[in-house]
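Below: the structure, in structure tokens.
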Amino acid sequence: VLAVELGRLEAMVGVARQAIDGCPDLVGVPRHTLLAEQTIAWQEGEGAACRCRPDWITPDRAVVLSYKTTPNAEPEAFARVLLGYGYDVQAAFECAAVTSLTGTAPRYVWIAQEIAPPYACSLLGLSPMLADLAARKFRVAVERWAACLASGVWPAYPDRICYVDPPEWSVGQWME
């Protein structure tokens with residue numbers, strides 16, 4: 001960490017700690033007990049060795065917290081970011097890791113924090129519907145990975161022109 005960045009980072013940490021401590025849905029999850037970047041390795045299906053390092057996890061493995069910085073932590077705006085960057089699949093991956101260890105799926109929470117003062121935070125949970133969709137994406141990814149490992153064939157992008165349609169939210173936003 002550069003010395004010129006230290007004050008900003010300390011301020012961000014303070015705001016993030018307040019967000020975790022002040023969240024009524026995280027009562028009983030004291031941040032001072034969170035385990036940082038614990039490596040979890042497991043076998044997923046046949047032929048797919050997996051490993052991950054969740055940002056934070058509770059000692060009882062009941063809650064996984066994923067920290068993300070962003071220009072805009074407003075929940076609806078960050079939801080688009082998390083889907084765009086595949087953070088939902090990351091959540092499914094980390095939940096599968098914890099489930100492989102404990103037999104129980106953890107609760108998954110993103111802490112989205114803005115990179116500009118006042119470093120506002122929002123906390124977003126993995127809903128049952130998103131958890132199901134992300135788990136299906138994860139299973140397909142693991143199956144493809146295993147098939148590529150077995151065959152030695154690693155497909156890339158299409159060799160044809162791909163035509164892009166605007167997503168529904170973009171059309172709706174313009175119509176407003």
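Ordering of the structure tokens sets the chain letters (A, B, ...); residue numbers start at 1 within each chain; ligands are numbered from 1 in the order shown.
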For segment 49-167 of chain A against segment 11-29 of chain A, with a cut-off of 8 Å and counting only C-alpha atoms, what is the closest atom pair and its distance in Å to one decimal for every residue that makes the cut, ordered by chain and number, as a Markdown table?
| residue | atom | partner | partner_atom | distance |
| --- | --- | --- | --- | --- |
| A:Thr58 | CA | A:Val29 | CA | 7.0 |
| A:Ile111 | CA | A:Ala16 | CA | 7.8 |
| A:Gln113 | CA | A:Ala16 | CA | 7.2 |
| A:Ile115 | CA | A:Met12 | CA | 7.9 |
| A:Tyr119 | CA | A:Met12 | CA | 5.8 |
| A:Ala120 | CA | A:Val15 | CA | 7.0 |
| A:Cys121 | CA | A:Ala16 | CA | 6.5 |
| A:Ser122 | CA | A:Ala19 | CA | 7.6 |
| A:Leu123 | CA | A:Ala19 | CA | 7.9 |
Write the residues of the preceding selection, restricted to N, CA, C and O atoms, as a PDB file, in the first residue's frame.
ATOM      1  N   THR A  58     -17.472 -17.010   8.161  1.00  0.00           N
ATOM      2  CA  THR A  58     -17.627 -17.124   9.607  1.00  0.00           C
ATOM      3  C   THR A  58     -16.995 -18.436  10.072  1.00  0.00           C
ATOM      4  O   THR A  58     -16.911 -19.396   9.304  1.00  0.00           O
ATOM      5  N   ILE A 111     -20.585  -7.312   0.012  1.00  0.00           N
ATOM      6  CA  ILE A 111     -20.418  -5.985   0.576  1.00  0.00           C
ATOM      7  C   ILE A 111     -19.862  -5.142  -0.566  1.00  0.00           C
ATOM      8  O   ILE A 111     -18.710  -5.309  -0.960  1.00  0.00           O
ATOM      9  N   GLN A 113     -18.763  -1.559  -1.878  1.00  0.00           N
ATOM     10  CA  GLN A 113     -18.338  -0.287  -1.302  1.00  0.00           C
ATOM     11  C   GLN A 113     -17.864   0.658  -2.386  1.00  0.00           C
ATOM     12  O   GLN A 113     -17.078   0.287  -3.261  1.00  0.00           O
ATOM     13  N   ILE A 115     -15.827   3.685  -4.112  1.00  0.00           N
ATOM     14  CA  ILE A 115     -14.403   4.016  -4.053  1.00  0.00           C
ATOM     15  C   ILE A 115     -14.148   5.500  -3.828  1.00  0.00           C
ATOM     16  O   ILE A 115     -12.998   5.914  -3.711  1.00  0.00           O
ATOM     17  N   TYR A 119     -17.549   6.726   0.779  1.00  0.00           N
ATOM     18  CA  TYR A 119     -17.267   5.283   0.743  1.00  0.00           C
ATOM     19  C   TYR A 119     -18.478   4.449   1.177  1.00  0.00           C
ATOM     20  O   TYR A 119     -18.360   3.471   1.909  1.00  0.00           O
ATOM     21  N   ALA A 120     -19.643   4.863   0.700  1.00  0.00           N
ATOM     22  CA  ALA A 120     -20.893   4.197   1.076  1.00  0.00           C
ATOM     23  C   ALA A 120     -20.848   2.711   0.735  1.00  0.00           C
ATOM     24  O   ALA A 120     -20.233   2.301  -0.255  1.00  0.00           O
ATOM     25  N   CYS A 121     -21.528   1.930   1.567  1.00  0.00           N
ATOM     26  CA  CYS A 121     -21.608   0.480   1.385  1.00  0.00           C
ATOM     27  C   CYS A 121     -23.059   0.048   1.238  1.00  0.00           C
ATOM     28  O   CYS A 121     -23.953   0.657   1.827  1.00  0.00           O
ATOM     29  N   SER A 122     -23.264  -1.000   0.487  1.00  0.00           N
ATOM     30  CA  SER A 122     -24.540  -1.704   0.509  1.00  0.00           C
ATOM     31  C   SER A 122     -24.232  -3.179   0.662  1.00  0.00           C
ATOM     32  O   SER A 122     -23.156  -3.646   0.287  1.00  0.00           O
ATOM     33  N   LEU A 123     -25.165  -3.880   1.262  1.00  0.00           N
ATOM     34  CA  LEU A 123     -25.026  -5.316   1.440  1.00  0.00           C
ATOM     35  C   LEU A 123     -26.116  -5.979   0.613  1.00  0.00           C
ATOM     36  O   LEU A 123     -27.278  -5.595   0.698  1.00  0.00           O
TER      37      LEU A 123
END
How would you write, as an NGL selection string, the set of residues in segment 53-105 of chain A that DSSP gives as strand (DSSP E)? :A and (56-57 or 63-70)
Could those residues be written to a file, using N, CA, C and O atoms, as a compact mmCIF listing (two decimals), in the first residue's frame?
# COMPACT_ATOMS: atom_id res chain seq x y z
N TRP A 56 -14.20 -13.49 3.14
CA TRP A 56 -14.40 -13.74 4.58
C TRP A 56 -15.42 -14.84 4.75
O TRP A 56 -16.35 -14.98 3.97
N ILE A 57 -15.25 -15.59 5.81
CA ILE A 57 -16.19 -16.66 6.14
C ILE A 57 -16.29 -16.73 7.66
O ILE A 57 -15.30 -16.50 8.37
N VAL A 63 -21.84 -18.26 6.94
CA VAL A 63 -21.97 -17.05 6.14
C VAL A 63 -20.66 -16.80 5.41
O VAL A 63 -19.58 -16.86 6.00
N VAL A 64 -20.77 -16.50 4.11
CA VAL A 64 -19.64 -16.08 3.30
C VAL A 64 -19.88 -14.62 2.92
O VAL A 64 -20.97 -14.27 2.46
N LEU A 65 -18.87 -13.78 3.13
CA LEU A 65 -18.94 -12.36 2.77
C LEU A 65 -17.94 -12.10 1.65
O LEU A 65 -16.77 -12.46 1.77
N SER A 66 -18.42 -11.46 0.59
CA SER A 66 -17.58 -11.14 -0.56
C SER A 66 -17.50 -9.63 -0.69
O SER A 66 -18.53 -8.96 -0.86
N TYR A 67 -16.31 -9.08 -0.62
CA TYR A 67 -16.09 -7.63 -0.65
C TYR A 67 -15.77 -7.18 -2.07
O TYR A 67 -14.88 -7.73 -2.72
N LYS A 68 -16.51 -6.17 -2.54
CA LYS A 68 -16.29 -5.62 -3.88
C LYS A 68 -16.27 -4.10 -3.80
O LYS A 68 -17.10 -3.50 -3.11
N THR A 69 -15.33 -3.48 -4.50
CA THR A 69 -15.33 -2.03 -4.62
C THR A 69 -15.94 -1.65 -5.96
O THR A 69 -15.83 -2.40 -6.94
N THR A 70 -16.57 -0.48 -5.99
CA THR A 70 -17.32 -0.07 -7.16
C THR A 70 -17.53 1.43 -7.16
O THR A 70 -17.55 2.04 -6.09
For the helix (DSSP H, G or I) assignment from backbone DSSP, which residues of segment 66-138 of chain A qualify? Please present them as a PDB file with N, CA and C atoms, in the first residue's frame.
ATOM      1  N   PRO A  75     -27.837  -0.621  -4.542  1.00  0.00           N
ATOM      2  CA  PRO A  75     -28.117  -2.046  -4.766  1.00  0.00           C
ATOM      3  C   PRO A  75     -28.530  -2.429  -6.183  1.00  0.00           C
ATOM      4  N   GLU A  76     -29.448  -1.681  -6.808  1.00  0.00           N
ATOM      5  CA  GLU A  76     -29.880  -2.056  -8.156  1.00  0.00           C
ATOM      6  C   GLU A  76     -28.739  -1.894  -9.165  1.00  0.00           C
ATOM      7  N   ALA A  77     -27.971  -0.823  -9.019  1.00  0.00           N
ATOM      8  CA  ALA A  77     -26.835  -0.606  -9.925  1.00  0.00           C
ATOM      9  C   ALA A  77     -25.790  -1.696  -9.724  1.00  0.00           C
ATOM     10  N   PHE A  78     -25.505  -2.055  -8.476  1.00  0.00           N
ATOM     11  CA  PHE A  78     -24.489  -3.077  -8.241  1.00  0.00           C
ATOM     12  C   PHE A  78     -24.979  -4.461  -8.666  1.00  0.00           C
ATOM     13  N   ALA A  79     -26.279  -4.701  -8.600  1.00  0.00           N
ATOM     14  CA  ALA A  79     -26.813  -5.986  -9.066  1.00  0.00           C
ATOM     15  C   ALA A  79     -26.467  -6.203 -10.538  1.00  0.00           C
ATOM     16  N   ARG A  80     -26.529  -5.140 -11.324  1.00  0.00           N
ATOM     17  CA  ARG A  80     -26.156  -5.257 -12.743  1.00  0.00           C
ATOM     18  C   ARG A  80     -24.670  -5.572 -12.881  1.00  0.00           C
ATOM     19  N   VAL A  81     -23.867  -4.930 -12.051  1.00  0.00           N
ATOM     20  CA  VAL A  81     -22.424  -5.172 -12.076  1.00  0.00           C
ATOM     21  C   VAL A  81     -22.135  -6.621 -11.706  1.00  0.00           C
ATOM     22  N   LEU A  82     -22.752  -7.094 -10.630  1.00  0.00           N
ATOM     23  CA  LEU A  82     -22.430  -8.449 -10.173  1.00  0.00           C
ATOM     24  C   LEU A  82     -22.834  -9.493 -11.190  1.00  0.00           C
ATOM     25  N   LEU A  83     -23.935  -9.272 -11.899  1.00  0.00           N
ATOM     26  CA  LEU A  83     -24.315 -10.210 -12.954  1.00  0.00           C
ATOM     27  C   LEU A  83     -23.402 -10.072 -14.163  1.00  0.00           C
ATOM     28  N   GLY A  84     -23.013  -8.841 -14.485  1.00  0.00           N
ATOM     29  CA  GLY A  84     -22.141  -8.607 -15.629  1.00  0.00           C
ATOM     30  C   GLY A  84     -20.757  -9.206 -15.459  1.00  0.00           C
ATOM     31  N   TYR A  87     -20.201 -12.412 -10.787  1.00  0.00           N
ATOM     32  CA  TYR A  87     -20.060 -12.596  -9.338  1.00  0.00           C
ATOM     33  C   TYR A  87     -21.085 -13.597  -8.806  1.00  0.00           C
ATOM     34  N   ASP A  88     -22.200 -13.771  -9.534  1.00  0.00           N
ATOM     35  CA  ASP A  88     -23.173 -14.781  -9.121  1.00  0.00           C
ATOM     36  C   ASP A  88     -22.574 -16.184  -9.230  1.00  0.00           C
ATOM     37  N   VAL A  89     -21.780 -16.414 -10.275  1.00  0.00           N
ATOM     38  CA  VAL A  89     -21.136 -17.728 -10.436  1.00  0.00           C
ATOM     39  C   VAL A  89     -20.044 -17.892  -9.385  1.00  0.00           C
ATOM     40  N   GLN A  90     -19.334 -16.812  -9.071  1.00  0.00           N
ATOM     41  CA  GLN A  90     -18.356 -16.865  -7.987  1.00  0.00           C
ATOM     42  C   GLN A  90     -19.049 -17.262  -6.685  1.00  0.00           C
ATOM     43  N   ALA A  91     -20.224 -16.700  -6.429  1.00  0.00           N
ATOM     44  CA  ALA A  91     -20.979 -17.040  -5.225  1.00  0.00           C
ATOM     45  C   ALA A  91     -21.342 -18.519  -5.218  1.00  0.00           C
ATOM     46  N   ALA A  92     -21.825 -19.019  -6.352  1.00  0.00           N
ATOM     47  CA  ALA A  92     -22.176 -20.443  -6.439  1.00  0.00           C
ATOM     48  C   ALA A  92     -20.956 -21.315  -6.202  1.00  0.00           C
ATOM     49  N   PHE A  93     -19.824 -20.905  -6.753  1.00  0.00           N
ATOM     50  CA  PHE A  93     -18.565 -21.636  -6.596  1.00  0.00           C
ATOM     51  C   PHE A  93     -18.172 -21.698  -5.114  1.00  0.00           C
ATOM     52  N   GLU A  94     -18.213 -20.533  -4.450  1.00  0.00           N
ATOM     53  CA  GLU A  94     -17.823 -20.477  -3.040  1.00  0.00           C
ATOM     54  C   GLU A  94     -18.839 -21.207  -2.153  1.00  0.00           C
ATOM     55  N   CYS A  95     -20.116 -21.130  -2.500  1.00  0.00           N
ATOM     56  CA  CYS A  95     -21.123 -21.881  -1.745  1.00  0.00           C
ATOM     57  C   CYS A  95     -20.926 -23.385  -1.926  1.00  0.00           C
ATOM     58  N   ALA A  96     -20.583 -23.814  -3.138  1.00  0.00           N
ATOM     59  CA  ALA A  96     -20.309 -25.238  -3.376  1.00  0.00           C
ATOM     60  C   ALA A  96     -19.113 -25.697  -2.554  1.00  0.00           C
ATOM     61  N   ALA A  97     -18.112 -24.833  -2.427  1.00  0.00           N
ATOM     62  CA  ALA A  97     -16.931 -25.173  -1.624  1.00  0.00           C
ATOM     63  C   ALA A  97     -17.313 -25.398  -0.173  1.00  0.00           C
ATOM     64  N   VAL A  98     -18.061 -24.461   0.384  1.00  0.00           N
ATOM     65  CA  VAL A  98     -18.468 -24.577   1.790  1.00  0.00           C
ATOM     66  C   VAL A  98     -19.380 -25.777   1.990  1.00  0.00           C
ATOM     67  N   THR A  99     -20.304 -25.986   1.061  1.00  0.00           N
ATOM     68  CA  THR A  99     -21.206 -27.127   1.154  1.00  0.00           C
ATOM     69  C   THR A  99     -20.434 -28.442   1.114  1.00  0.00           C
ATOM     70  N   SER A 100     -19.367 -28.491   0.311  1.00  0.00           N
ATOM     71  CA  SER A 100     -18.565 -29.718   0.246  1.00  0.00           C
ATOM     72  C   SER A 100     -17.910 -30.023   1.590  1.00  0.00           C
ATOM     73  N   LEU A 101     -17.611 -28.970   2.356  1.00  0.00           N
ATOM     74  CA  LEU A 101     -16.983 -29.167   3.666  1.00  0.00           C
ATOM     75  C   LEU A 101     -17.983 -29.481   4.761  1.00  0.00           C
ATOM     76  N   THR A 102     -19.130 -28.798   4.722  1.00  0.00           N
ATOM     77  CA  THR A 102     -20.048 -28.839   5.857  1.00  0.00           C
ATOM     78  C   THR A 102     -21.319 -29.628   5.604  1.00  0.00           C
ATOM     79  N   PRO A 128     -32.826 -16.854  -3.211  1.00  0.00           N
ATOM     80  CA  PRO A 128     -33.002 -18.245  -3.657  1.00  0.00           C
ATOM     81  C   PRO A 128     -33.051 -18.386  -5.179  1.00  0.00           C
ATOM     82  N   MET A 129     -33.706 -17.441  -5.854  1.00  0.00           N
ATOM     83  CA  MET A 129     -33.804 -17.522  -7.320  1.00  0.00           C
ATOM     84  C   MET A 129     -32.436 -17.336  -7.971  1.00  0.00           C
ATOM     85  N   LEU A 130     -31.667 -16.343  -7.505  1.00  0.00           N
ATOM     86  CA  LEU A 130     -30.340 -16.122  -8.067  1.00  0.00           C
ATOM     87  C   LEU A 130     -29.409 -17.270  -7.685  1.00  0.00           C
ATOM     88  N   ALA A 131     -29.546 -17.793  -6.476  1.00  0.00           N
ATOM     89  CA  ALA A 131     -28.714 -18.926  -6.053  1.00  0.00           C
ATOM     90  C   ALA A 131     -28.943 -20.125  -6.966  1.00  0.00           C
ATOM     91  N   ASP A 132     -30.202 -20.379  -7.314  1.00  0.00           N
ATOM     92  CA  ASP A 132     -30.514 -21.505  -8.199  1.00  0.00           C
ATOM     93  C   ASP A 132     -29.926 -21.291  -9.596  1.00  0.00           C
ATOM     94  N   LEU A 133     -30.121 -20.095 -10.153  1.00  0.00           N
ATOM     95  CA  LEU A 133     -29.579 -19.798 -11.481  1.00  0.00           C
ATOM     96  C   LEU A 133     -28.054 -19.889 -11.479  1.00  0.00           C
ATOM     97  N   ALA A 134     -27.425 -19.302 -10.465  1.00  0.00           N
ATOM     98  CA  ALA A 134     -25.963 -19.325 -10.377  1.00  0.00           C
ATOM     99  C   ALA A 134     -25.443 -20.751 -10.209  1.00  0.00           C
ATOM    100  N   ALA A 135     -26.140 -21.563  -9.431  1.00  0.00           N
ATOM    101  CA  ALA A 135     -25.720 -22.956  -9.247  1.00  0.00           C
ATOM    102  C   ALA A 135     -25.802 -23.720 -10.571  1.00  0.00           C
ATOM    103  N   ARG A 136     -26.827 -23.437 -11.376  1.00  0.00           N
ATOM    104  CA  ARG A 136     -26.932 -24.093 -12.686  1.00  0.00           C
ATOM    105  C   ARG A 136     -25.801 -23.644 -13.604  1.00  0.00           C
ATOM    106  N   LYS A 137     -25.480 -22.341 -13.588  1.00  0.00           N
ATOM    107  CA  LYS A 137     -24.359 -21.843 -14.388  1.00  0.00           C
ATOM    108  C   LYS A 137     -23.058 -22.508 -13.945  1.00  0.00           C
ATOM    109  N   PHE A 138     -22.887 -22.629 -12.640  1.00  0.00           N
ATOM    110  CA  PHE A 138     -21.686 -23.251 -12.079  1.00  0.00           C
ATOM    111  C   PHE A 138     -21.571 -24.706 -12.523  1.00  0.00           C
TER     112      PHE A 138
END
Go through A:Pro71, A:Arg51, A:Pro59, A:Glu46 one by one, measure the shortest atom-to-atom distance of each to Leu34 of chain A using only C-alpha atoms, and give the residue with the smallest value. A:Pro59
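From atom CA of Thr104 of chain A back to atom CA of Pro54 of chain A, the distance works out to 16.1 Å.
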What is the distance between atom CA of Asn72 of chain A and atom CA of Trp174 of chain A, in Å to one decimal?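 Separation of atom CA of Asn72 of chain A and atom CA of Trp174 of chain A: 19.3 Å.
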To one decimal in Å, tell me the separation between atom CA of Ala48 of chain A and atom CA of Ala147 of chain A.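 Computing the Euclidean distance for atom CA of Ala48 of chain A and atom CA of Ala147 of chain A yields 9.4 Å.
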Compare A:Leu2, A:Ala105, A:Leu126, A:Val153 by their minimum atom-to-atom distance to Ala62 of chain A, counting only C-alpha atoms, and give me the closest one. A:Ala105
For Arg144 of chain A, find every residue with an atom within 12 Å (counting only C-alpha atoms), except residues of its own chain fewer than 2 positions away, and show them as number ranges by chain. A: 45-48, 137-142, 146-155
From the list A:Cys52, A:Leu124, A:Ala156, A:Val4, the nearest residue to Glu37 of chain A using only C-alpha atoms is A:Cys52
